[in-house]
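*Asks:* Below is input.txt; it holds compact mmCIF, C-alpha atoms.
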# COMPACT_ATOMS: atom_id res chain seq x y z
CA MET A 1 8.61 -28.01 -25.82
CA ALA A 2 5.92 -26.80 -23.48
CA ASP A 3 2.99 -24.66 -24.49
CA VAL A 4 2.55 -20.95 -24.82
CA LEU A 5 0.85 -19.56 -21.72
CA GLU A 6 -2.36 -17.70 -22.44
CA VAL A 7 -2.48 -14.29 -20.75
CA LYS A 8 -6.00 -13.40 -19.60
CA PRO A 9 -7.32 -10.09 -18.25
CA LEU A 10 -7.16 -9.99 -14.46
CA SER A 11 -10.54 -10.03 -12.74
CA ARG A 12 -11.66 -10.74 -9.19
CA ALA A 13 -13.57 -13.83 -10.28
CA ALA A 14 -10.68 -15.31 -12.24
CA PHE A 15 -8.18 -14.58 -9.45
CA ALA A 16 -10.34 -15.60 -6.48
CA ALA A 17 -8.59 -18.94 -5.99
CA PHE A 18 -5.19 -17.23 -5.80
CA GLY A 19 -5.80 -14.00 -3.92
CA ASP A 20 -7.41 -10.58 -4.01
CA VAL A 21 -7.61 -7.90 -6.68
CA ILE A 22 -7.14 -4.45 -5.16
CA GLU A 23 -9.09 -1.96 -7.27
CA PHE A 24 -11.69 0.78 -6.98
CA GLU A 25 -13.87 -0.37 -9.86
CA GLY A 26 -16.97 -2.31 -8.90
CA ARG A 27 -16.30 -2.14 -5.14
CA GLU A 28 -18.47 -0.74 -2.36
CA SER A 29 -17.29 2.26 -0.34
CA TYR A 30 -18.43 4.32 2.60
CA PRO A 31 -17.78 7.97 3.42
CA ILE A 32 -15.10 8.93 5.94
CA ASN A 33 -13.53 12.22 7.02
CA ASN A 34 -16.85 14.06 7.26
CA GLY A 35 -17.76 13.09 3.73
CA MET A 36 -14.51 14.36 2.21
CA ALA A 37 -13.28 10.87 1.28
CA ASP A 38 -14.61 7.42 0.41
CA ARG A 39 -13.07 4.30 1.91
CA PHE A 40 -13.04 1.06 -0.06
CA HIS A 41 -12.50 -1.03 3.02
CA ALA A 42 -10.47 -4.22 3.42
CA LEU A 43 -10.09 -5.09 -0.26
CA ALA A 44 -7.39 -7.47 0.99
CA GLY A 45 -6.45 -8.89 4.37
CA VAL A 46 -2.87 -9.44 5.48
CA GLU A 47 -2.28 -13.07 6.48
CA LEU A 48 0.25 -13.57 9.26
CA GLY A 49 0.80 -17.22 10.07
CA GLY A 50 3.72 -18.68 11.99
CA ALA A 51 5.52 -17.19 14.95
CA ASP A 52 7.03 -13.76 15.55
CA ALA A 53 5.44 -12.29 12.46
CA ARG A 54 4.42 -8.72 11.73
CA ALA A 55 2.94 -6.99 8.71
CA VAL A 56 5.25 -4.50 7.00
CA ILE A 57 4.93 -1.93 4.25
CA SER A 58 7.76 -1.91 1.73
CA LEU A 59 8.40 -0.32 -1.65
CA VAL A 60 9.62 -2.28 -4.67
CA ALA A 61 11.19 -0.92 -7.85
CA SER A 62 11.05 -3.42 -10.70
CA ARG A 63 13.07 -3.26 -13.92
CA ARG A 64 11.40 -3.87 -17.29
CA PHE A 65 11.35 -7.57 -18.23
CA ASP A 66 11.81 -8.56 -21.85
CA LEU A 67 9.12 -10.83 -23.27
CA PRO A 68 8.74 -13.44 -24.66
CA ARG A 69 10.49 -15.49 -21.99
CA ARG A 70 10.22 -18.98 -20.56
CA VAL A 71 8.53 -19.27 -17.16
CA ASP A 72 11.35 -20.99 -15.31
CA HIS A 73 10.40 -20.87 -11.65
CA MET A 74 7.56 -20.58 -9.19
CA GLU A 75 7.49 -19.86 -5.47
CA PHE A 76 5.08 -19.51 -2.56
CA HIS A 77 5.03 -18.12 0.95
CA PRO A 78 3.50 -20.64 3.36
CA HIS A 79 2.97 -18.27 6.27
CA GLY A 80 1.85 -14.99 4.78
CA SER A 81 0.03 -13.12 2.07
CA GLN A 82 1.88 -10.74 -0.23
CA ALA A 83 0.34 -7.69 -1.90
CA PHE A 84 1.69 -5.52 -4.70
CA ILE A 85 -0.11 -2.30 -5.55
CA PRO A 86 1.36 -0.35 -8.47
CA LEU A 87 2.30 3.30 -8.08
CA ASP A 88 2.51 3.64 -11.85
CA ALA A 89 -0.56 3.39 -14.10
CA THR A 90 0.93 0.56 -16.12
CA PRO A 91 -0.24 -3.05 -16.56
CA PHE A 92 1.89 -5.91 -15.28
CA ILE A 93 1.61 -9.67 -15.51
CA VAL A 94 1.08 -12.20 -12.72
CA VAL A 95 1.62 -15.92 -13.17
CA VAL A 96 0.04 -18.21 -10.57
CA SER A 97 -0.80 -21.87 -10.23
CA ALA A 98 -3.64 -23.68 -8.53
CA ALA A 99 -1.93 -27.07 -8.86
CA GLY A 100 1.49 -26.63 -7.35
CA PRO A 101 4.32 -25.60 -9.61
CA ALA A 102 3.43 -28.09 -12.34
CA PRO A 103 3.35 -26.27 -15.68
CA ASP A 104 -0.09 -27.68 -16.49
CA GLY A 105 -1.63 -25.62 -13.71
CA LEU A 106 -0.06 -22.26 -14.56
CA GLN A 107 -2.29 -19.30 -15.29
CA ALA A 108 -1.20 -15.84 -16.43
CA PHE A 109 -3.13 -12.61 -15.97
CA VAL A 110 -2.47 -9.06 -17.12
CA THR A 111 -3.71 -6.16 -15.00
CA ASN A 112 -5.55 -3.18 -16.46
CA GLY A 113 -3.05 -0.66 -15.10
CA ARG A 114 -5.18 0.24 -12.08
CA GLN A 115 -5.23 -3.10 -10.28
CA GLY A 116 -3.07 -4.38 -7.45
CA ILE A 117 -2.99 -7.98 -6.29
CA ASN A 118 -2.64 -9.85 -2.99
CA TYR A 119 -1.45 -13.46 -3.17
CA HIS A 120 -2.98 -15.55 -0.41
CA ALA A 121 -0.56 -17.50 1.75
CA GLY A 122 0.39 -20.68 -0.07
CA THR A 123 -0.39 -19.46 -3.59
CA TRP A 124 2.27 -20.55 -6.07
CA HIS A 125 3.39 -17.55 -8.14
CA HIS A 126 6.13 -16.34 -10.38
CA VAL A 127 7.92 -13.15 -9.37
CA LEU A 128 6.34 -9.92 -10.60
CA LEU A 129 6.58 -9.48 -14.35
CA THR A 130 6.77 -5.91 -15.59
CA PRO A 131 7.16 -6.11 -19.38
CA TYR A 132 5.81 -2.67 -20.31
CA ALA A 133 8.04 -0.42 -18.22
CA ALA A 134 10.06 -0.24 -15.05
CA MET A 135 7.47 0.07 -12.27
CA ARG A 136 7.18 0.96 -8.62
CA PHE A 137 4.97 -0.91 -6.17
CA VAL A 138 3.77 -0.73 -2.60
CA CYS A 139 4.29 -4.18 -1.10
CA VAL A 140 2.45 -5.34 2.03
CA ASP A 141 3.54 -8.67 3.40
CA ARG A 142 4.81 -10.64 6.37
CA ASP A 143 8.14 -10.02 8.05
CA SER A 144 9.72 -12.53 10.42
CA PRO A 145 13.05 -14.10 11.22
CA ASP A 146 12.01 -17.44 9.73
CA ASP A 147 12.18 -18.61 6.13
CA ASN A 148 8.86 -18.05 4.41
CA CYS A 149 9.63 -18.84 0.76
CA VAL A 150 9.47 -22.17 -1.08
CA ASP A 151 11.09 -22.13 -4.54
CA PHE A 152 10.69 -24.47 -7.47
CA HIS A 153 12.72 -24.52 -10.68
CA ILE A 154 10.65 -25.71 -13.64
CA PRO A 155 12.61 -28.21 -15.73
CA ASP A 156 13.78 -26.67 -19.01
CA SER A 157 11.63 -28.90 -21.17
CA ASP A 158 8.48 -27.98 -19.26
CA GLN A 159 8.88 -24.21 -19.17
CA PRO A 160 5.90 -22.55 -20.89
CA LEU A 161 6.48 -19.52 -23.05
CA LEU A 162 5.11 -16.19 -21.87
CA ALA A 163 4.58 -13.54 -24.54
CA LEU A 164 3.01 -10.09 -24.49
CA PRO A 165 -0.78 -10.45 -24.74
CA MET B 1 -8.00 34.07 17.37
CA ALA B 2 -5.49 31.28 17.23
CA ASP B 3 -2.36 31.35 15.17
CA VAL B 4 -1.63 30.40 11.60
CA LEU B 5 -0.14 26.93 11.45
CA GLU B 6 3.23 26.80 9.75
CA VAL B 7 3.42 24.07 7.07
CA LYS B 8 6.86 22.47 6.92
CA PRO B 9 8.26 20.05 4.33
CA LEU B 10 7.77 16.45 5.44
CA SER B 11 10.97 14.60 6.35
CA ARG B 12 11.72 11.44 8.25
CA ALA B 13 13.52 13.34 10.97
CA ALA B 14 10.74 15.85 11.49
CA PHE B 15 8.05 13.14 11.46
CA ALA B 16 9.86 10.54 13.58
CA ALA B 17 7.88 11.28 16.73
CA PHE B 18 4.59 10.76 14.87
CA GLY B 19 5.22 7.92 12.47
CA ASP B 20 7.06 6.76 9.36
CA VAL B 21 7.66 8.39 6.00
CA ILE B 22 7.27 5.85 3.18
CA GLU B 23 9.54 6.91 0.33
CA PHE B 24 12.29 5.57 -1.92
CA GLU B 25 14.62 8.53 -1.57
CA GLY B 26 17.49 8.08 0.84
CA ARG B 27 16.53 4.53 1.81
CA GLU B 28 18.51 1.28 1.60
CA SER B 29 17.37 -1.51 -0.71
CA TYR B 30 18.37 -5.05 -1.59
CA PRO B 31 17.88 -6.97 -4.84
CA ILE B 32 15.04 -9.49 -5.19
CA ASN B 33 13.60 -11.47 -8.11
CA ASN B 34 16.99 -12.49 -9.47
CA GLY B 35 18.15 -8.92 -9.60
CA MET B 36 15.15 -7.69 -11.56
CA ALA B 37 13.79 -5.62 -8.68
CA ASP B 38 14.95 -3.74 -5.58
CA ARG B 39 13.10 -4.04 -2.31
CA PHE B 40 13.04 -1.13 0.14
CA HIS B 41 12.09 -3.30 3.06
CA ALA B 42 9.82 -2.51 5.99
CA LEU B 43 9.71 1.25 5.60
CA ALA B 44 6.79 1.02 8.01
CA GLY B 45 5.45 -1.64 10.36
CA VAL B 46 1.76 -2.26 10.91
CA GLU B 47 0.85 -1.99 14.60
CA LEU B 48 -1.96 -4.29 15.74
CA GLY B 49 -2.81 -3.85 19.40
CA GLY B 50 -5.97 -4.99 21.14
CA ALA B 51 -7.96 -8.16 20.52
CA ASP B 52 -9.28 -9.74 17.33
CA ALA B 53 -7.32 -7.40 15.10
CA ARG B 54 -6.01 -7.96 11.59
CA ALA B 55 -4.16 -5.75 9.11
CA VAL B 56 -6.14 -4.80 6.02
CA ILE B 57 -5.41 -3.07 2.74
CA SER B 58 -8.00 -0.53 1.66
CA LEU B 59 -8.22 2.18 -0.97
CA VAL B 60 -9.29 5.74 -0.20
CA ALA B 61 -10.49 8.40 -2.63
CA SER B 62 -10.25 11.90 -1.17
CA ARG B 63 -11.97 15.01 -2.52
CA ARG B 64 -10.05 18.27 -2.87
CA PHE B 65 -10.13 20.37 0.31
CA ASP B 66 -10.33 24.15 0.04
CA LEU B 67 -7.68 26.05 1.97
CA PRO B 68 -7.34 28.17 4.01
CA ARG B 69 -9.43 26.45 6.64
CA ARG B 70 -9.53 26.22 10.43
CA VAL B 71 -8.17 23.02 11.96
CA ASP B 72 -11.25 22.04 13.92
CA HIS B 73 -10.64 18.48 15.05
CA MET B 74 -8.01 15.86 15.81
CA GLU B 75 -8.23 12.11 16.32
CA PHE B 76 -6.07 9.10 17.14
CA HIS B 77 -6.25 5.33 16.95
CA PRO B 78 -5.10 3.78 20.24
CA HIS B 79 -4.68 0.21 18.98
CA GLY B 80 -3.21 0.49 15.49
CA SER B 81 -1.05 2.33 13.03
CA GLN B 82 -2.54 3.84 9.88
CA ALA B 83 -0.66 4.31 6.62
CA PHE B 84 -1.61 6.33 3.56
CA ILE B 85 0.47 5.97 0.40
CA PRO B 86 -0.61 8.18 -2.51
CA LEU B 87 -1.36 6.67 -5.92
CA ASP B 88 -1.18 10.15 -7.45
CA ALA B 89 2.03 12.13 -7.65
CA THR B 90 0.55 15.06 -5.76
CA PRO B 91 1.51 16.58 -2.41
CA PHE B 92 -0.88 16.43 0.52
CA ILE B 93 -0.83 17.88 4.02
CA VAL B 94 -0.71 16.04 7.34
CA VAL B 95 -1.45 17.70 10.67
CA VAL B 96 -0.27 15.91 13.80
CA SER B 97 0.31 16.72 17.44
CA ALA B 98 2.84 15.53 19.95
CA ALA B 99 0.99 17.05 22.87
CA GLY B 100 -2.53 15.69 22.62
CA PRO B 101 -5.08 17.69 20.70
CA ALA B 102 -4.12 21.02 22.25
CA PRO B 103 -3.61 23.57 19.48
CA ASP B 104 -0.21 24.55 20.86
CA GLY B 105 1.19 21.15 19.92
CA LEU B 106 -0.06 21.00 16.34
CA GLN B 107 2.42 20.57 13.52
CA ALA B 108 1.66 20.60 9.80
CA PHE B 109 3.73 18.97 7.06
CA VAL B 110 3.41 18.95 3.29
CA THR B 111 4.63 15.91 1.33
CA ASN B 112 6.78 16.20 -1.77
CA GLY B 113 4.33 14.27 -3.95
CA ARG B 114 6.24 11.00 -3.63
CA GLN B 115 5.92 10.37 0.10
CA GLY B 116 3.44 8.26 2.02
CA ILE B 117 3.02 8.33 5.79
CA ASN B 118 2.26 5.87 8.57
CA TYR B 119 0.87 7.28 11.81
CA HIS B 120 2.00 5.27 14.79
CA ALA B 121 -0.72 4.02 17.13
CA GLY B 122 -1.70 6.83 19.46
CA THR B 123 -0.54 9.70 17.24
CA TRP B 124 -3.01 12.57 17.26
CA HIS B 125 -3.76 13.62 13.67
CA HIS B 126 -6.22 15.51 11.54
CA VAL B 127 -7.88 13.62 8.71
CA LEU B 128 -5.98 13.63 5.41
CA LEU B 129 -5.86 17.04 3.77
CA THR B 130 -5.72 17.06 -0.03
CA PRO B 131 -5.78 20.70 -1.06
CA TYR B 132 -4.14 20.39 -4.48
CA ALA B 133 -6.40 17.83 -6.16
CA ALA B 134 -8.69 14.91 -5.49
CA MET B 135 -6.33 12.03 -4.65
CA ARG B 136 -6.32 8.26 -4.30
CA PHE B 137 -4.44 6.42 -1.55
CA VAL B 138 -3.56 2.92 -0.48
CA CYS B 139 -4.44 2.66 3.21
CA VAL B 140 -2.96 -0.03 5.46
CA ASP B 141 -4.38 -0.16 8.95
CA ARG B 142 -6.03 -2.23 11.65
CA ASP B 143 -9.45 -3.80 11.31
CA SER B 144 -11.39 -5.14 14.28
CA PRO B 145 -14.91 -5.13 15.72
CA ASP B 146 -13.91 -2.72 18.49
CA ASP B 147 -13.84 1.07 18.46
CA ASN B 148 -10.36 2.31 17.67
CA CYS B 149 -10.83 6.06 17.17
CA VAL B 150 -10.72 8.86 19.74
CA ASP B 151 -12.01 12.21 18.45
CA PHE B 152 -11.50 15.72 19.75
CA HIS B 153 -13.23 18.89 18.58
CA ILE B 154 -10.99 21.92 18.96
CA PRO B 155 -12.91 24.87 20.49
CA ASP B 156 -13.67 27.51 17.86
CA SER B 157 -11.49 30.15 19.49
CA ASP B 158 -8.47 27.81 19.50
CA GLN B 159 -8.64 26.54 15.93
CA PRO B 160 -5.42 27.43 14.09
CA LEU B 161 -5.62 28.53 10.47
CA LEU B 162 -4.15 26.25 7.83
CA ALA B 163 -3.21 27.84 4.51
CA LEU B 164 -1.43 26.57 1.42
CA PRO B 165 2.31 26.68 2.00
As structure tokens, how would this structure be written, given the file I've shared?

*Replies:*
Amino acid sequence: MADVLEVKPLSRAAFAAFGDVIEFEGRESYPINNGMADRFHALAGVELGGADARAVISLVASRRFDLPRRVDHMEFHPHGSQAFIPLDATPFIVVVSAAGPAPDGLQAFVTNGRQGINYHAGTWHHVLLTPYAAMRFVCVDRDSPDDNCVDFHIPDSDQPLLALP
Amino acid sequence: MADVLEVKPLSRAAFAAFGDVIEFEGRESYPINNGMADRFHALAGVELGGADARAVISLVASRRFDLPRRVDHMEFHPHGSQAFIPLDATPFIVVVSAAGPAPDGLQAFVTNGRQGINYHAGTWHHVLLTPYAAMRFVCVDRDSPDDNCVDFHIPDSDQPLLALP
């Protein structure tokens, strides 16, 4: 059987090859609204490749996932980025891969409960994993009439095990 | 002196001329992630007019505003929409105008603590008003090198009074 996937704390440095971490901590800001607010500007950009695309703001409600579980699929969006920013102060787990969907390249990260993420276009990722509670997210991604999702089913014998960190 | 501005509950119908209300309640969804999540799709679209523009995701931290206060300015962004989705379950107040910055056209709305808003491009609005607590927001708007903000100072004698509803 395949290995157990190590779950590392999410950080901007560790996630840089896959996308952006959307968080207040450690980021620069500038005052807006006559000094009544601080803006932490452009922590992530929305990528809109392909034709007839627009950026949209959606909400997502995710059920609680039971762990441990086998990581059985990966997917990516060739033409657009995809951001998830949690509305609940709860950690969640992201699984990404720098080397296509091959199990050897998988990496798992757990957020600190205040971090959102933005997958760059083309980043292989598992769907959102919310093992601690049902959670709500703001999602910002690309909307278009075309198909923008490539799926891969990991063969049973290669599926790494994901457990709570 | 000018009038007291009535603060109405925010609803999609009441806000339709100004922008979108981003909320779960009363909206359609469809299952994603093999049934483990529901997506409330495209509750708002990001408008990107003008040249060299991209959509960006920012975070905003707003101090608590004291009310009552006079509404002394309005602004609008000609080339892009601007969304604010609260990360804290706290109401906030939005002031908009359908008739330019003239005080007669001002309307004030208070959110229910679970609603975000997206001003359409060109909608006159006051800056975010957070009278109940300091609040954090996800902001999704347009980034470009050009100037995309038109400001208007309301003459002192015309400034309506805004009080807690």

*Asks:* Kindly extract all protein, DNA and RNA residues lying within 9 Å of the coordinates (-11.9, -3.7, -7.9) given in the file, considering only C-alpha atoms, and supply them as a PDB file with C-alpha atoms, in the frame of the given file.

*Replies:*
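Heads up, here's the output in selection-v9.pdb:
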ATOM      1  CA  SER A  11     -10.540 -10.030 -12.740  1.00  0.00           C
ATOM      2  CA  ARG A  12     -11.660 -10.740  -9.190  1.00  0.00           C
ATOM      3  CA  VAL A  21      -7.610  -7.900  -6.680  1.00  0.00           C
ATOM      4  CA  ILE A  22      -7.140  -4.450  -5.160  1.00  0.00           C
ATOM      5  CA  GLU A  23      -9.090  -1.960  -7.270  1.00  0.00           C
ATOM      6  CA  PHE A  24     -11.690   0.780  -6.980  1.00  0.00           C
ATOM      7  CA  GLU A  25     -13.870  -0.370  -9.860  1.00  0.00           C
ATOM      8  CA  GLY A  26     -16.970  -2.310  -8.900  1.00  0.00           C
ATOM      9  CA  ARG A  27     -16.300  -2.140  -5.140  1.00  0.00           C
ATOM     10  CA  LEU A  43     -10.090  -5.090  -0.260  1.00  0.00           C
ATOM     11  CA  ARG A 114      -5.180   0.240 -12.080  1.00  0.00           C
ATOM     12  CA  GLN A 115      -5.230  -3.100 -10.280  1.00  0.00           C
ATOM     13  CA  GLY A 116      -3.070  -4.380  -7.450  1.00  0.00           C
TER      14      GLY A 116
END

*Asks:* Return as a count of residues only the residues belonging to chain B that are within 9 Å of chain A, counting all atoms listed in the file.

*Replies:* 43

*Asks:* Which is closer to A:Val4 than all the others in A:Leu162, A:Ala133, A:Val95, A:Ile117, using all atoms listed in the file?

*Replies:*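 Residue with the minimum atom-to-atom distance to A:Val4: A:Leu162.
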
*Asks:* Tell me, in Å to one decimal, how far atom CA of B:Ile93 is from atom CA of B:Gln159.

*Replies:* 16.7 Å

*Asks:* Can you pull out the residues contacting B:Tyr119? Cut-off 8 Å, using all atoms listed in the file, and skip same-chain residues under 3 positions away; I want them as a compact mmCIF listing (two decimals) with C-alpha atoms, in the coordinates of the input.

*Replies:*
# COMPACT_ATOMS: atom_id res chain seq x y z
CA PHE B 18 4.59 10.76 14.87
CA GLY B 19 5.22 7.92 12.47
CA ASP B 20 7.06 6.76 9.36
CA SER B 81 -1.05 2.33 13.03
CA GLN B 82 -2.54 3.84 9.88
CA ALA B 83 -0.66 4.31 6.62
CA THR B 123 -0.54 9.70 17.24

*Asks:* Generate the missing atoms of stretch 99-110 of chain A up to all heavy atoms and report them as a short mmCIF file (atom, residue, chain, number, x, y, z; two decimals), in the coordinates of the input.

*Replies:*
data_model
loop_
_atom_site.label_atom_id
_atom_site.label_comp_id
_atom_site.auth_asym_id
_atom_site.auth_seq_id
_atom_site.Cartn_x
_atom_site.Cartn_y
_atom_site.Cartn_z
N ALA A 99 -2.27 -25.65 -8.97
CA ALA A 99 -1.93 -27.07 -8.86
C ALA A 99 -0.45 -27.26 -8.59
O ALA A 99 0.22 -28.05 -9.25
CB ALA A 99 -2.33 -27.79 -10.15
N GLY A 100 0.06 -26.53 -7.60
CA GLY A 100 1.49 -26.63 -7.35
C GLY A 100 2.25 -26.00 -8.51
O GLY A 100 1.67 -25.29 -9.33
N PRO A 101 3.52 -26.27 -8.58
CA PRO A 101 4.32 -25.60 -9.61
C PRO A 101 4.30 -26.32 -10.95
O PRO A 101 5.01 -25.94 -11.86
CB PRO A 101 5.73 -25.65 -9.00
CG PRO A 101 5.73 -26.89 -8.18
CD PRO A 101 4.33 -27.06 -7.65
N ALA A 102 3.46 -27.35 -11.07
CA ALA A 102 3.43 -28.09 -12.34
C ALA A 102 2.98 -27.17 -13.47
O ALA A 102 2.01 -26.43 -13.30
CB ALA A 102 2.47 -29.27 -12.22
N PRO A 103 3.66 -27.19 -14.58
CA PRO A 103 3.35 -26.27 -15.68
C PRO A 103 1.92 -26.37 -16.15
O PRO A 103 1.34 -25.38 -16.61
CB PRO A 103 4.33 -26.69 -16.77
CG PRO A 103 5.45 -27.34 -16.06
CD PRO A 103 4.85 -28.00 -14.86
N ASP A 104 1.29 -27.54 -16.02
CA ASP A 104 -0.09 -27.68 -16.49
C ASP A 104 -1.05 -26.77 -15.73
O ASP A 104 -2.10 -26.41 -16.25
CB ASP A 104 -0.56 -29.13 -16.30
CG ASP A 104 0.07 -30.05 -17.32
OD1 ASP A 104 0.75 -29.54 -18.23
OD2 ASP A 104 -0.10 -31.28 -17.18
N GLY A 105 -0.71 -26.42 -14.50
CA GLY A 105 -1.63 -25.62 -13.71
C GLY A 105 -1.39 -24.13 -13.78
O GLY A 105 -2.10 -23.35 -13.15
N LEU A 106 -0.40 -23.70 -14.55
CA LEU A 106 -0.06 -22.26 -14.56
C LEU A 106 -1.14 -21.44 -15.25
O LEU A 106 -1.69 -21.84 -16.26
CB LEU A 106 1.27 -22.04 -15.28
CG LEU A 106 2.52 -22.69 -14.69
CD1 LEU A 106 3.77 -22.12 -15.36
CD2 LEU A 106 2.59 -22.48 -13.19
N GLN A 107 -1.39 -20.26 -14.67
CA GLN A 107 -2.29 -19.30 -15.29
C GLN A 107 -1.64 -17.92 -15.26
O GLN A 107 -1.02 -17.56 -14.27
CB GLN A 107 -3.63 -19.24 -14.55
CG GLN A 107 -4.44 -20.52 -14.64
CD GLN A 107 -5.88 -20.28 -14.23
OE1 GLN A 107 -6.54 -19.36 -14.69
NE2 GLN A 107 -6.37 -21.12 -13.33
N ALA A 108 -1.78 -17.18 -16.34
CA ALA A 108 -1.20 -15.84 -16.43
C ALA A 108 -2.31 -14.81 -16.60
O ALA A 108 -3.27 -15.04 -17.34
CB ALA A 108 -0.23 -15.77 -17.60
N PHE A 109 -2.15 -13.70 -15.90
CA PHE A 109 -3.13 -12.61 -15.97
C PHE A 109 -2.40 -11.29 -16.19
O PHE A 109 -1.32 -11.08 -15.65
CB PHE A 109 -3.92 -12.51 -14.66
CG PHE A 109 -4.73 -13.73 -14.33
CD1 PHE A 109 -4.23 -14.69 -13.44
CD2 PHE A 109 -5.97 -13.92 -14.90
CE1 PHE A 109 -4.98 -15.82 -13.13
CE2 PHE A 109 -6.73 -15.06 -14.59
CZ PHE A 109 -6.22 -16.00 -13.71
N VAL A 110 -3.02 -10.42 -16.96
CA VAL A 110 -2.47 -9.06 -17.12
C VAL A 110 -3.43 -8.08 -16.46
O VAL A 110 -4.66 -8.18 -16.61
CB VAL A 110 -2.24 -8.71 -18.62
CG1 VAL A 110 -3.53 -8.77 -19.43
CG2 VAL A 110 -1.55 -7.35 -18.74
#
